[in-house]
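Below is query37.cif, which holds mmCIF, N, CA and C atoms.
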data_start
loop_
_atom_site.group_PDB
_atom_site.id
_atom_site.type_symbol
_atom_site.label_atom_id
_atom_site.label_comp_id
_atom_site.auth_asym_id
_atom_site.auth_seq_id
_atom_site.Cartn_x
_atom_site.Cartn_y
_atom_site.Cartn_z
ATOM 1 N N MET F 114 0.843 -1.179 0.000
ATOM 2 C CA MET F 114 0.000 0.000 0.000
ATOM 3 C C MET F 114 0.887 1.240 0.000
ATOM 4 N N CYS F 115 0.441 2.229 -0.679
ATOM 5 C CA CYS F 115 1.215 3.461 -0.682
ATOM 6 C C CYS F 115 0.879 4.273 0.571
ATOM 7 N N GLU F 116 1.778 5.144 0.944
ATOM 8 C CA GLU F 116 1.588 5.943 2.152
ATOM 9 C C GLU F 116 0.331 6.794 2.061
ATOM 10 N N ARG F 117 0.030 7.297 0.904
ATOM 11 C CA ARG F 117 -1.165 8.137 0.713
ATOM 12 C C ARG F 117 -2.437 7.352 1.031
ATOM 13 N N THR F 118 -2.509 6.092 0.579
ATOM 14 C CA THR F 118 -3.671 5.245 0.860
ATOM 15 C C THR F 118 -3.797 5.006 2.352
ATOM 16 N N THR F 119 -2.687 4.762 3.008
ATOM 17 C CA THR F 119 -2.691 4.554 4.450
ATOM 18 C C THR F 119 -3.227 5.780 5.160
ATOM 19 N N GLU F 120 -2.734 6.951 4.788
ATOM 20 C CA GLU F 120 -3.190 8.192 5.414
ATOM 21 C C GLU F 120 -4.677 8.404 5.182
ATOM 22 N N MET F 121 -5.137 8.098 3.972
ATOM 23 C CA MET F 121 -6.547 8.277 3.659
ATOM 24 C C MET F 121 -7.401 7.314 4.474
ATOM 25 N N THR F 122 -6.940 6.071 4.628
ATOM 26 C CA THR F 122 -7.699 5.084 5.388
ATOM 27 C C THR F 122 -7.776 5.482 6.853
ATOM 28 N N LEU F 123 -6.651 5.794 7.448
ATOM 29 C CA LEU F 123 -6.641 6.188 8.854
ATOM 30 C C LEU F 123 -7.355 7.516 9.055
ATOM 31 N N GLY F 124 -7.213 8.402 8.101
ATOM 32 C CA GLY F 124 -7.820 9.715 8.202
ATOM 33 C C GLY F 124 -9.306 9.721 7.909
ATOM 34 N N SER F 125 -9.846 8.604 7.439
ATOM 35 C CA SER F 125 -11.269 8.567 7.117
ATOM 36 C C SER F 125 -12.142 8.437 8.362
ATOM 37 N N LEU F 126 -11.535 8.125 9.473
ATOM 38 C CA LEU F 126 -12.292 8.026 10.721
ATOM 39 C C LEU F 126 -12.650 9.423 11.220
ATOM 40 N N GLU F 127 -13.789 9.520 11.865
ATOM 41 C CA GLU F 127 -14.170 10.782 12.494
ATOM 42 C C GLU F 127 -13.122 11.136 13.543
ATOM 43 N N PRO F 128 -12.850 12.424 13.780
ATOM 44 C CA PRO F 128 -11.825 12.816 14.760
ATOM 45 C C PRO F 128 -12.038 12.184 16.139
ATOM 46 N N GLU F 129 -13.279 12.090 16.572
ATOM 47 C CA GLU F 129 -13.558 11.482 17.881
ATOM 48 C C GLU F 129 -13.158 10.006 17.898
ATOM 49 N N VAL F 130 -13.415 9.304 16.799
ATOM 50 C CA VAL F 130 -13.055 7.890 16.695
ATOM 51 C C VAL F 130 -11.538 7.744 16.620
ATOM 52 N N GLN F 131 -10.874 8.640 15.886
ATOM 53 C CA GLN F 131 -9.409 8.613 15.814
ATOM 54 C C GLN F 131 -8.802 8.770 17.208
ATOM 55 N N GLU F 132 -9.342 9.696 17.986
ATOM 56 C CA GLU F 132 -8.829 9.925 19.341
ATOM 57 C C GLU F 132 -9.034 8.699 20.213
ATOM 58 N N LYS F 133 -10.208 8.094 20.131
ATOM 59 C CA LYS F 133 -10.472 6.890 20.925
ATOM 60 C C LYS F 133 -9.543 5.762 20.504
ATOM 61 N N ASP F 134 -9.293 5.631 19.206
ATOM 62 C CA ASP F 134 -8.389 4.599 18.721
ATOM 63 C C ASP F 134 -6.975 4.837 19.248
ATOM 64 N N THR F 135 -6.553 6.077 19.224
ATOM 65 C CA THR F 135 -5.211 6.437 19.681
ATOM 66 C C THR F 135 -5.020 6.155 21.164
ATOM 67 N N THR F 136 -6.050 6.348 21.939
ATOM 68 C CA THR F 136 -5.925 6.192 23.393
ATOM 69 C C THR F 136 -6.365 4.819 23.906
ATOM 70 N N THR F 137 -6.641 3.892 23.007
ATOM 71 C CA THR F 137 -7.121 2.574 23.432
ATOM 72 C C THR F 137 -6.160 1.894 24.398
ATOM 73 N N TRP F 138 -4.854 1.967 24.111
ATOM 74 C CA TRP F 138 -3.894 1.274 24.986
ATOM 75 C C TRP F 138 -3.980 1.775 26.409
ATOM 76 N N THR F 139 -4.112 3.076 26.599
ATOM 77 C CA THR F 139 -4.136 3.603 27.960
ATOM 78 C C THR F 139 -5.533 3.574 28.572
ATOM 79 N N ARG F 140 -6.571 3.614 27.747
ATOM 80 C CA ARG F 140 -7.939 3.597 28.280
ATOM 81 C C ARG F 140 -8.442 2.193 28.540
ATOM 82 N N VAL F 141 -8.123 1.259 27.680
ATOM 83 C CA VAL F 141 -8.712 -0.072 27.759
ATOM 84 C C VAL F 141 -7.697 -1.120 28.208
ATOM 85 N N TYR F 142 -6.637 -1.298 27.438
ATOM 86 C CA TYR F 142 -5.709 -2.381 27.711
ATOM 87 C C TYR F 142 -4.946 -2.201 29.015
ATOM 88 N N ALA F 143 -4.671 -0.991 29.403
ATOM 89 C CA ALA F 143 -3.956 -0.763 30.664
ATOM 90 C C ALA F 143 -4.806 -1.151 31.873
ATOM 91 N N ARG F 144 -6.101 -1.243 31.676
ATOM 92 C CA ARG F 144 -7.008 -1.599 32.781
ATOM 93 C C ARG F 144 -7.291 -3.089 32.874
ATOM 94 N N LEU F 145 -6.737 -3.866 31.977
ATOM 95 C CA LEU F 145 -6.909 -5.311 32.058
ATOM 96 C C LEU F 145 -6.226 -5.827 33.322
ATOM 97 N N PRO F 146 -6.696 -6.934 33.870
ATOM 98 C CA PRO F 146 -6.078 -7.469 35.087
ATOM 99 C C PRO F 146 -4.597 -7.779 34.872
ATOM 100 N N GLN F 147 -3.751 -7.215 35.712
ATOM 101 C CA GLN F 147 -2.309 -7.381 35.545
ATOM 102 C C GLN F 147 -1.891 -8.841 35.650
ATOM 103 N N GLY F 148 -2.548 -9.593 36.522
ATOM 104 C CA GLY F 148 -2.202 -11.007 36.676
ATOM 105 C C GLY F 148 -2.439 -11.821 35.416
ATOM 106 N N GLU F 149 -3.444 -11.429 34.635
ATOM 107 C CA GLU F 149 -3.769 -12.153 33.415
ATOM 108 C C GLU F 149 -3.034 -11.603 32.190
ATOM 109 N N TYR F 150 -2.622 -10.348 32.252
ATOM 110 C CA TYR F 150 -1.976 -9.687 31.116
ATOM 111 C C TYR F 150 -0.679 -8.989 31.538
ATOM 112 N N PRO F 151 0.265 -9.746 32.106
ATOM 113 C CA PRO F 151 1.488 -9.115 32.608
ATOM 114 C C PRO F 151 2.339 -8.466 31.513
ATOM 115 N N VAL F 152 2.360 -9.048 30.335
ATOM 116 C CA VAL F 152 3.174 -8.485 29.252
ATOM 117 C C VAL F 152 2.607 -7.139 28.805
ATOM 118 N N THR F 153 1.290 -7.067 28.694
ATOM 119 C CA THR F 153 0.657 -5.802 28.326
ATOM 120 C C THR F 153 1.015 -4.723 29.332
ATOM 121 N N HIS F 154 0.915 -5.043 30.612
ATOM 122 C CA HIS F 154 1.232 -4.060 31.642
ATOM 123 C C HIS F 154 2.704 -3.679 31.635
ATOM 124 N N ALA F 155 3.559 -4.631 31.353
ATOM 125 C CA ALA F 155 4.998 -4.343 31.341
ATOM 126 C C ALA F 155 5.391 -3.431 30.187
ATOM 127 N N HIS F 156 4.621 -3.448 29.124
ATOM 128 C CA HIS F 156 4.997 -2.698 27.920
ATOM 129 C C HIS F 156 3.975 -1.651 27.510
ATOM 130 N N ILE F 157 3.087 -1.258 28.403
ATOM 131 C CA ILE F 157 1.998 -0.366 28.035
ATOM 132 C C ILE F 157 2.483 0.971 27.476
ATOM 133 N N GLU F 158 3.544 1.526 28.022
ATOM 134 C CA GLU F 158 4.045 2.811 27.504
ATOM 135 C C GLU F 158 4.557 2.665 26.072
ATOM 136 N N ALA F 159 5.280 1.599 25.810
ATOM 137 C CA ALA F 159 5.782 1.375 24.456
ATOM 138 C C ALA F 159 4.632 1.101 23.489
ATOM 139 N N LEU F 160 3.651 0.335 23.926
ATOM 140 C CA LEU F 160 2.501 0.041 23.074
ATOM 141 C C LEU F 160 1.700 1.301 22.762
ATOM 142 N N ALA F 161 1.545 2.161 23.757
ATOM 143 C CA ALA F 161 0.789 3.400 23.560
ATOM 144 C C ALA F 161 1.511 4.351 22.611
ATOM 145 N N ALA F 162 2.820 4.214 22.492
ATOM 146 C CA ALA F 162 3.603 5.120 21.654
ATOM 147 C C ALA F 162 3.665 4.674 20.185
ATOM 148 N N VAL F 163 3.152 3.491 19.885
ATOM 149 C CA VAL F 163 3.214 2.989 18.512
ATOM 150 C C VAL F 163 2.324 3.835 17.612
ATOM 151 N N ASP F 164 2.880 4.224 16.488
ATOM 152 C CA ASP F 164 2.179 5.036 15.508
ATOM 153 C C ASP F 164 1.116 4.206 14.795
ATOM 154 N N PRO F 165 -0.091 4.730 14.612
ATOM 155 C CA PRO F 165 -1.134 3.968 13.908
ATOM 156 C C PRO F 165 -0.709 3.505 12.512
ATOM 157 N N LYS F 166 0.113 4.281 11.833
ATOM 158 C CA LYS F 166 0.588 3.866 10.514
ATOM 159 C C LYS F 166 1.468 2.628 10.625
ATOM 160 N N ALA F 167 2.259 2.536 11.676
ATOM 161 C CA ALA F 167 3.103 1.358 11.881
ATOM 162 C C ALA F 167 2.234 0.120 12.099
ATOM 163 N N VAL F 168 1.145 0.271 12.824
ATOM 164 C CA VAL F 168 0.216 -0.841 13.044
ATOM 165 C C VAL F 168 -0.397 -1.262 11.704
ATOM 166 N N TYR F 169 -0.842 -0.302 10.945
ATOM 167 C CA TYR F 169 -1.435 -0.572 9.634
ATOM 168 C C TYR F 169 -0.431 -1.274 8.722
ATOM 169 N N ASP F 170 0.786 -0.747 8.659
ATOM 170 C CA ASP F 170 1.822 -1.346 7.813
ATOM 171 C C ASP F 170 2.121 -2.778 8.225
ATOM 172 N N ALA F 171 2.172 -3.032 9.534
ATOM 173 C CA ALA F 171 2.438 -4.383 10.028
ATOM 174 C C ALA F 171 1.303 -5.331 9.658
ATOM 175 N N ALA F 172 0.070 -4.855 9.747
ATOM 176 C CA ALA F 172 -1.082 -5.687 9.396
ATOM 177 C C ALA F 172 -1.074 -6.022 7.911
ATOM 178 N N VAL F 173 -0.785 -5.033 7.075
ATOM 179 C CA VAL F 173 -0.730 -5.271 5.628
ATOM 180 C C VAL F 173 0.393 -6.251 5.310
ATOM 181 N N GLU F 174 1.544 -6.075 5.916
ATOM 182 C CA GLU F 174 2.677 -6.979 5.690
ATOM 183 C C GLU F 174 2.328 -8.405 6.114
ATOM 184 N N ALA F 175 1.627 -8.560 7.234
ATOM 185 C CA ALA F 175 1.236 -9.890 7.696
ATOM 186 C C ALA F 175 0.283 -10.558 6.704
ATOM 187 N N VAL F 176 -0.658 -9.807 6.177
ATOM 188 C CA VAL F 176 -1.603 -10.351 5.189
ATOM 189 C C VAL F 176 -0.862 -10.750 3.922
ATOM 190 N N LEU F 177 0.019 -9.893 3.442
ATOM 191 C CA LEU F 177 0.773 -10.196 2.220
ATOM 192 C C LEU F 177 1.678 -11.407 2.421
ATOM 193 N N SER F 178 2.306 -11.512 3.585
ATOM 194 C CA SER F 178 3.173 -12.658 3.872
ATOM 195 C C SER F 178 2.367 -13.953 3.927
ATOM 196 N N ALA F 179 1.194 -13.905 4.558
ATOM 197 C CA ALA F 179 0.336 -15.089 4.619
ATOM 198 C C ALA F 179 -0.120 -15.503 3.227
ATOM 199 N N ALA F 180 -0.463 -14.525 2.398
ATOM 200 C CA ALA F 180 -0.885 -14.835 1.030
ATOM 201 C C ALA F 180 0.264 -15.455 0.243
ATOM 202 N N ALA F 181 1.458 -14.936 0.418
ATOM 203 C CA ALA F 181 2.621 -15.484 -0.286
ATOM 204 C C ALA F 181 2.906 -16.914 0.174
ATOM 205 N N ARG F 182 2.813 -17.173 1.480
ATOM 206 C CA ARG F 182 3.037 -18.525 2.000
ATOM 207 C C ARG F 182 1.997 -19.497 1.452
ATOM 208 N N SER F 183 0.738 -19.068 1.424
ATOM 209 C CA SER F 183 -0.317 -19.988 0.974
ATOM 210 C C SER F 183 -0.238 -20.253 -0.523
ATOM 211 N N SER F 184 0.382 -19.355 -1.251
ATOM 212 C CA SER F 184 0.516 -19.565 -2.694
ATOM 213 C C SER F 184 1.822 -20.275 -3.052
ATOM 214 N N GLY F 185 2.650 -20.520 -2.043
ATOM 215 C CA GLY F 185 3.920 -21.194 -2.262
ATOM 216 C C GLY F 185 5.031 -20.290 -2.731
ATOM 217 N N ASN F 186 4.838 -18.976 -2.626
ATOM 218 C CA ASN F 186 5.850 -18.006 -3.070
ATOM 219 C C ASN F 186 6.674 -17.436 -1.942
ATOM 220 N N ALA F 187 6.604 -18.016 -0.774
ATOM 221 C CA ALA F 187 7.346 -17.470 0.369
ATOM 222 C C ALA F 187 8.727 -18.059 0.448
#
Go through the file and emit its structure as structure tokens.
Amino acid sequence: MCERTTEMTLGSLEPEVQEKDTTTWTRVYARLPQGEYPVTHAHIEALAAVDPKAVYDAAVEAVLSAAARSSGNA
């Protein structure tokens, strides 16, 4: 995907939804029980700092890699 498409996709969300998405790590995941989610709690600051474009790029790369593996081109 080109960077412009990524920006358009992420930017298509309403500003309120973008803000909620950005703060999910600190609003939702940080409140999970520490005993059940110790890794999340140990890395919450780093997770909250991840750029949404990096998440998008990683997801696209994972899909493309899976498609390549299933087609025998990996």
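Of note, CA of Thr139 in chain F and CA of Ile157 in chain F are spaced 7.3 Å apart.
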- Pairwise distance for CA of Ala171 in chain F and CA of Gln131 in chain F, rounded to one decimal in Å: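 Distance between the two atoms: 18.5 Å.
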- Would you mind writing down, as an MDAnalysis selection string, each residue of chain F that DSSP on the backbone assigns to helix (DSSP H, G or I)? chainID F and resid 116:124 128:135 137:140 142:144 151:155 157:161 165:184
- Message: Restricting the calculation to all atoms listed in the file: of F:Val168, F:Val152, F:Leu126, F:Ala161, which residue gets closest to Trp138 in chain F?
- Response: F:Ala161
- Item | Pairwise distance for atom N of Ser184 in chain F and atom C of Ala172 in chain F, rounded to one decimal in Å |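 Going from atom N of Ser184 in chain F over to atom C of Ala172 in chain F, I get 16.2 Å.
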Mind completing range 151-162 of chain F with all heavy atoms? Output as a PDB file, in the coordinates of the input, please?
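Output below, filename part_37.pdb:
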ATOM      1  N   PRO F 151       0.265  -9.746  32.106  1.00  0.00           N
ATOM      2  CA  PRO F 151       1.488  -9.115  32.608  1.00  0.00           C
ATOM      3  C   PRO F 151       2.339  -8.466  31.513  1.00  0.00           C
ATOM      4  O   PRO F 151       2.960  -7.432  31.746  1.00  0.00           O
ATOM      5  CB  PRO F 151       2.244 -10.258  33.288  1.00  0.00           C
ATOM      6  CG  PRO F 151       1.724 -11.493  32.617  1.00  0.00           C
ATOM      7  CD  PRO F 151       0.286 -11.192  32.281  1.00  0.00           C
ATOM      8  N   VAL F 152       2.360  -9.048  30.335  1.00  0.00           N
ATOM      9  CA  VAL F 152       3.174  -8.485  29.252  1.00  0.00           C
ATOM     10  C   VAL F 152       2.607  -7.139  28.805  1.00  0.00           C
ATOM     11  O   VAL F 152       3.339  -6.183  28.565  1.00  0.00           O
ATOM     12  CB  VAL F 152       3.281  -9.475  28.072  1.00  0.00           C
ATOM     13  CG1 VAL F 152       4.027  -8.853  26.900  1.00  0.00           C
ATOM     14  CG2 VAL F 152       3.970 -10.746  28.522  1.00  0.00           C
ATOM     15  N   THR F 153       1.290  -7.067  28.694  1.00  0.00           N
ATOM     16  CA  THR F 153       0.657  -5.802  28.326  1.00  0.00           C
ATOM     17  C   THR F 153       1.015  -4.723  29.332  1.00  0.00           C
ATOM     18  O   THR F 153       1.403  -3.618  28.960  1.00  0.00           O
ATOM     19  CB  THR F 153      -0.868  -5.961  28.249  1.00  0.00           C
ATOM     20  OG1 THR F 153      -1.176  -6.953  27.269  1.00  0.00           O
ATOM     21  CG2 THR F 153      -1.550  -4.660  27.882  1.00  0.00           C
ATOM     22  N   HIS F 154       0.915  -5.043  30.612  1.00  0.00           N
ATOM     23  CA  HIS F 154       1.232  -4.060  31.642  1.00  0.00           C
ATOM     24  C   HIS F 154       2.704  -3.679  31.635  1.00  0.00           C
ATOM     25  O   HIS F 154       3.045  -2.518  31.855  1.00  0.00           O
ATOM     26  CB  HIS F 154       0.813  -4.583  33.027  1.00  0.00           C
ATOM     27  CG  HIS F 154      -0.643  -4.430  33.270  1.00  0.00           C
ATOM     28  ND1 HIS F 154      -1.184  -3.313  33.859  1.00  0.00           N
ATOM     29  CD2 HIS F 154      -1.681  -5.237  32.966  1.00  0.00           C
ATOM     30  CE1 HIS F 154      -2.491  -3.437  33.913  1.00  0.00           C
ATOM     31  NE2 HIS F 154      -2.829  -4.603  33.374  1.00  0.00           N
ATOM     32  N   ALA F 155       3.559  -4.631  31.353  1.00  0.00           N
ATOM     33  CA  ALA F 155       4.998  -4.343  31.341  1.00  0.00           C
ATOM     34  C   ALA F 155       5.391  -3.431  30.187  1.00  0.00           C
ATOM     35  O   ALA F 155       6.387  -2.708  30.280  1.00  0.00           O
ATOM     36  CB  ALA F 155       5.788  -5.651  31.259  1.00  0.00           C
ATOM     37  N   HIS F 156       4.621  -3.448  29.124  1.00  0.00           N
ATOM     38  CA  HIS F 156       4.997  -2.698  27.920  1.00  0.00           C
ATOM     39  C   HIS F 156       3.975  -1.651  27.510  1.00  0.00           C
ATOM     40  O   HIS F 156       4.010  -1.168  26.379  1.00  0.00           O
ATOM     41  CB  HIS F 156       5.223  -3.675  26.764  1.00  0.00           C
ATOM     42  CG  HIS F 156       6.288  -4.676  27.045  1.00  0.00           C
ATOM     43  ND1 HIS F 156       7.628  -4.379  26.988  1.00  0.00           N
ATOM     44  CD2 HIS F 156       6.214  -5.973  27.425  1.00  0.00           C
ATOM     45  CE1 HIS F 156       8.325  -5.442  27.306  1.00  0.00           C
ATOM     46  NE2 HIS F 156       7.504  -6.429  27.575  1.00  0.00           N
ATOM     47  N   ILE F 157       3.087  -1.258  28.403  1.00  0.00           N
ATOM     48  CA  ILE F 157       1.998  -0.366  28.035  1.00  0.00           C
ATOM     49  C   ILE F 157       2.483   0.971  27.476  1.00  0.00           C
ATOM     50  O   ILE F 157       1.915   1.484  26.521  1.00  0.00           O
ATOM     51  CB  ILE F 157       1.007  -0.162  29.205  1.00  0.00           C
ATOM     52  CG1 ILE F 157      -0.321   0.392  28.681  1.00  0.00           C
ATOM     53  CG2 ILE F 157       1.568   0.724  30.289  1.00  0.00           C
ATOM     54  CD1 ILE F 157      -1.093  -0.551  27.844  1.00  0.00           C
ATOM     55  N   GLU F 158       3.544   1.526  28.022  1.00  0.00           N
ATOM     56  CA  GLU F 158       4.045   2.811  27.504  1.00  0.00           C
ATOM     57  C   GLU F 158       4.557   2.665  26.072  1.00  0.00           C
ATOM     58  O   GLU F 158       4.285   3.510  25.225  1.00  0.00           O
ATOM     59  CB  GLU F 158       5.133   3.371  28.414  1.00  0.00           C
ATOM     60  CG  GLU F 158       4.576   3.890  29.732  1.00  0.00           C
ATOM     61  CD  GLU F 158       5.647   4.518  30.593  1.00  0.00           C
ATOM     62  OE1 GLU F 158       6.627   5.058  30.036  1.00  0.00           O
ATOM     63  OE2 GLU F 158       5.500   4.469  31.817  1.00  0.00           O
ATOM     64  N   ALA F 159       5.280   1.599  25.810  1.00  0.00           N
ATOM     65  CA  ALA F 159       5.782   1.375  24.456  1.00  0.00           C
ATOM     66  C   ALA F 159       4.632   1.101  23.489  1.00  0.00           C
ATOM     67  O   ALA F 159       4.624   1.599  22.359  1.00  0.00           O
ATOM     68  CB  ALA F 159       6.771   0.210  24.444  1.00  0.00           C
ATOM     69  N   LEU F 160       3.651   0.335  23.926  1.00  0.00           N
ATOM     70  CA  LEU F 160       2.501   0.041  23.074  1.00  0.00           C
ATOM     71  C   LEU F 160       1.700   1.301  22.762  1.00  0.00           C
ATOM     72  O   LEU F 160       1.242   1.496  21.638  1.00  0.00           O
ATOM     73  CB  LEU F 160       1.602  -1.003  23.745  1.00  0.00           C
ATOM     74  CG  LEU F 160       2.201  -2.397  23.867  1.00  0.00           C
ATOM     75  CD1 LEU F 160       1.359  -3.262  24.790  1.00  0.00           C
ATOM     76  CD2 LEU F 160       2.342  -3.042  22.503  1.00  0.00           C
ATOM     77  N   ALA F 161       1.545   2.161  23.757  1.00  0.00           N
ATOM     78  CA  ALA F 161       0.789   3.400  23.560  1.00  0.00           C
ATOM     79  C   ALA F 161       1.511   4.351  22.611  1.00  0.00           C
ATOM     80  O   ALA F 161       0.874   5.185  21.971  1.00  0.00           O
ATOM     81  CB  ALA F 161       0.546   4.078  24.899  1.00  0.00           C
ATOM     82  N   ALA F 162       2.820   4.214  22.492  1.00  0.00           N
ATOM     83  CA  ALA F 162       3.603   5.120  21.654  1.00  0.00           C
ATOM     84  C   ALA F 162       3.665   4.674  20.185  1.00  0.00           C
ATOM     85  O   ALA F 162       4.161   5.413  19.341  1.00  0.00           O
ATOM     86  CB  ALA F 162       5.022   5.242  22.196  1.00  0.00           C
TER      87      ALA F 162
END
